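These notes are about the structure you will find just below.
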Amino acid sequence: MSLSYDPDSSLVDITWEAAFVSQRDVAGQIPINFVTTSAVCLRSACFGNNVFDRDLAGRCISNLLALGYRRFIVDLYWSVESRTWNFCPVSIPSDVQVVTISSTSTSMTTGTSTASTTTVAAAQGSATVISNSSGSQLYALGPYLCSDGLNLSDMVDIFEDFFKSTASQLNIYTRYVSFNLHAATTATAVNRPASKVSGADLPSIPERIDSLVDRLYSYIYTPSQLADERSNLNDSWYKVDDGYEPITEYITIDEDEDGKQSTTDGWPSTKYVQLAKERRLLLEYGSVDPQMEDYNMTEKDEIIFPQGSLTTTIPITVSGEGLESGCYYNADASGISQVNSSWAVSSPVPVSNDTVKTQFMRRLSDLITNVTACGLTPTINNTLFNATADKDFEPYKNATRAAMWAWALGEPRGSEVTDDIDQPGRDRCAVMDLSLGGHWRVINCAEKRRGACRVGNDLFTWKLTSTEHIYSDVYHQGCPENSSLAVPRTALENTYLYWHALDKAASGMDPNSSDPSKRELWIDFNCLDVASCWITGGPDANCPYASDPQQLQKRTVLVAAIAGIVICIITALTLFVKCNTNRRNSRRGKRVIQGWEYEGVPS
């Protein structure tokens, strides 16, 4: 039976919807390679206790998807014996007939799992089968407990079901998967390195990774699509609504004498990929063990990007809760050529050994927040608090929430759905709060604050208004010449504004002041048009979704239901007319030939 998207029930209605959607939308025109997100290694998050239970793996992957993780680092082991890409590092023998000789149960504990063991023997070998509390049968293979049949197809099933169940504009986010390729060891040599795989032992075309993920093709943004769109931007990235075009300051564009634009290394914007093209997944090859070096990663592969296409691993060193090295913040930079954080992903974030869970999560959150502020996607490559995400998802929830660079914890306040979907957002506008590390919070738009103004189209250059204004006034006329009220669109842009505002000699701001006007700055982000819908463009901007998230989803379901009813009615009428026509034709079409009565073919 295939696995499905089945997260813990408490994660189905996650309360971060407004924060997730608004942060996604504010970065909508940023090329996808400059948008930080959250990364997790499945080997650590789901199998860190060396238990490769198929049912628990399904719950774990589902939980990580529901928690909002965008990047998945997946270790796959090619089993020559079973001809499958498995998650378990050891091949389960498939050519041995297992016959139970005894069923004396003992106690065995692995990580956090306790199971009863039954020793069995076979005519040509022996194995230990574990029955866990859920009734699953696991093979004990050295230090590993492995389900028979847990492989890449299970992950594909979960992703496919997840994509189908999250198809609204308000919950579409692009995911990234990096496949690390290994060769599985044999059950008779668990503690020895795997043998090199070559020749006929390599995956055949139907067994290749690109063939196995082909079921997700309609969701995948492919290398061939990228190459085709790069060659003619006039017919691709710039043939959409203005709000979907990538910001040109982030990419290098070439233009020929006929005005045809192209780029050799640019990437489309997040809105273009997610909403215009409706693509939900980008795949790449990660590391490859020497045992699998003969696996051809380019042969007939039009789905998966080559190694390094979607990841630039940046080594980080940590001092306390801050970064000593690896940070992209450069006070003298003004453009992307000086701060090229394309596809920047941190080396694994170090995890402390705190024995108190609250202290553990606080330290990890602070570190992830600082890594993100430095323009890097933080990577979780540890089994947090010694528990996998199917057993205890709270540490993983805490980590992915810390990777959200825009809103402070608990913000945006008042994002709950109202009875009147057209009711304005109660004069709610966003400010950067310097006392919260530069994160944003909600205040009344009639309050007076200084404004954060972007200089020209510079990515990292900001000025502050000299006087305080209400939000609408600072948007229309408060900013200095050659600047305008703006909103940071990436974690790094936000960091540049934060550090500029902290320069007391230049700004007069003070994060420790008891006066809110000394520590808060207007940014161009408001919820004035429709409740729960955060937008840029000043006080008169309109919400692109026309309603709050829940109401939009209800309308989507209603429209689909009505469309289904209309289709049924049309089908019924068509059948009725056709049947009636056939009856008339059948009466006309009867003819007698040599004494036999035949039905004529209707014309």
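Naming scheme: A, B, ... for chains in displayed order of the structure tokens; residues 1 onward per chain; ligands 1 onward as shown.
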For this session: Compile the contact shell of stretch 489-499 of chain A as a ChimeraX atom specification: residues with an atom at most 6 Å away, counting only C-alpha atoms, same-chain residues fewer than 5 positions apart removed.
Result: /A:26-27,373,375,405,438,460
Those same residues, written as a CSV table (one decimal), in the first residue's frame with C-alpha atoms?
```
chain,number,residue,atom,x,y,z
A,26,VAL,CA,7.1,40.1,-0.2
A,27,ALA,CA,9.9,38.1,-1.8
A,373,ALA,CA,20.0,37.1,8.8
A,375,GLY,CA,21.8,35.5,3.9
A,405,TRP,CA,13.3,36.3,8.8
A,438,GLY,CA,15.0,43.9,13.2
A,460,PHE,CA,21.1,47.3,0.2
```
Problem set entry | Long-range neighbours of A:Trp534 as a PyMOL selection string, 8 Å cut-off, only C-alpha atoms, 2 positions minimum in chain | chain A and resi 22+525-527+532+536+543
For this session: Run DSSP on the backbone of this structure and report the residues of stretch 59-271 of chain A it assigns to strand (DSSP E), as a PyMOL selection string.
Result: chain A and resi 71-79+84-86+98-99+105-110+113-122+126-131+137-141+144-147+175-183+254-255+261-262
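Counting only C-alpha atoms, A:Pro193 has the following residues at most 12 Å away, ignoring those fewer than 6 positions along the same chain: A:Pro89, A:Val90, A:His182, A:Ala183, A:Ala184, A:Thr185, A:Thr186, A:Ala187, A:Asp289, A:Pro290, A:Gln291.
Our summary of the geometry notes that atom CA of A:Thr312 is positioned 22.5 Å from atom CA of A:Glu229.
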Exercise. Which residues, written as a PyMOL selection string, have at least one atom at most 10 Å from A:Glu299, with only C-alpha atoms counted and residues fewer than 6 positions away on the same chain left out?
Worked result: chain A and resi 205+208+210
For this session: Identify, on the basis of only C-alpha atoms, every residue whose closest approach to stretch 211-222 of chain A does not exceed 6 Å; exclude the query and any residue fewer than 2 positions from it along the same chain; express the result as a list in words.
Result: Pro206, Arg208, Ile209, Ser224, Gln225, Arg279, Arg280, Leu281, Leu282 and Ile303 of chain A
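Taking atom CA of A:Asp529 and atom CA of A:Arg450 as the two end points, the separation is 22.5 Å.
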Problem set entry | One-decimal distance in Å that lies between atom CA of A:Asn171 and atom CA of A:Asn151 | 27.2 Å
For this session: Would you list, as a PyMOL selection string, the residues of stretch 315-553 of chain A that end up in helix (DSSP H, G or I) under DSSP run on this structure's backbone?
Result: chain A and resi 357-373+384-386+394-402+434-436+471-478+491-502+504-507+516-518+549-553
Exercise. Pick from A:Phe162, A:Phe393, A:Phe72, A:Trp343: nearest to A:Ser10, with only C-alpha atoms counted?
Worked result: A:Phe393
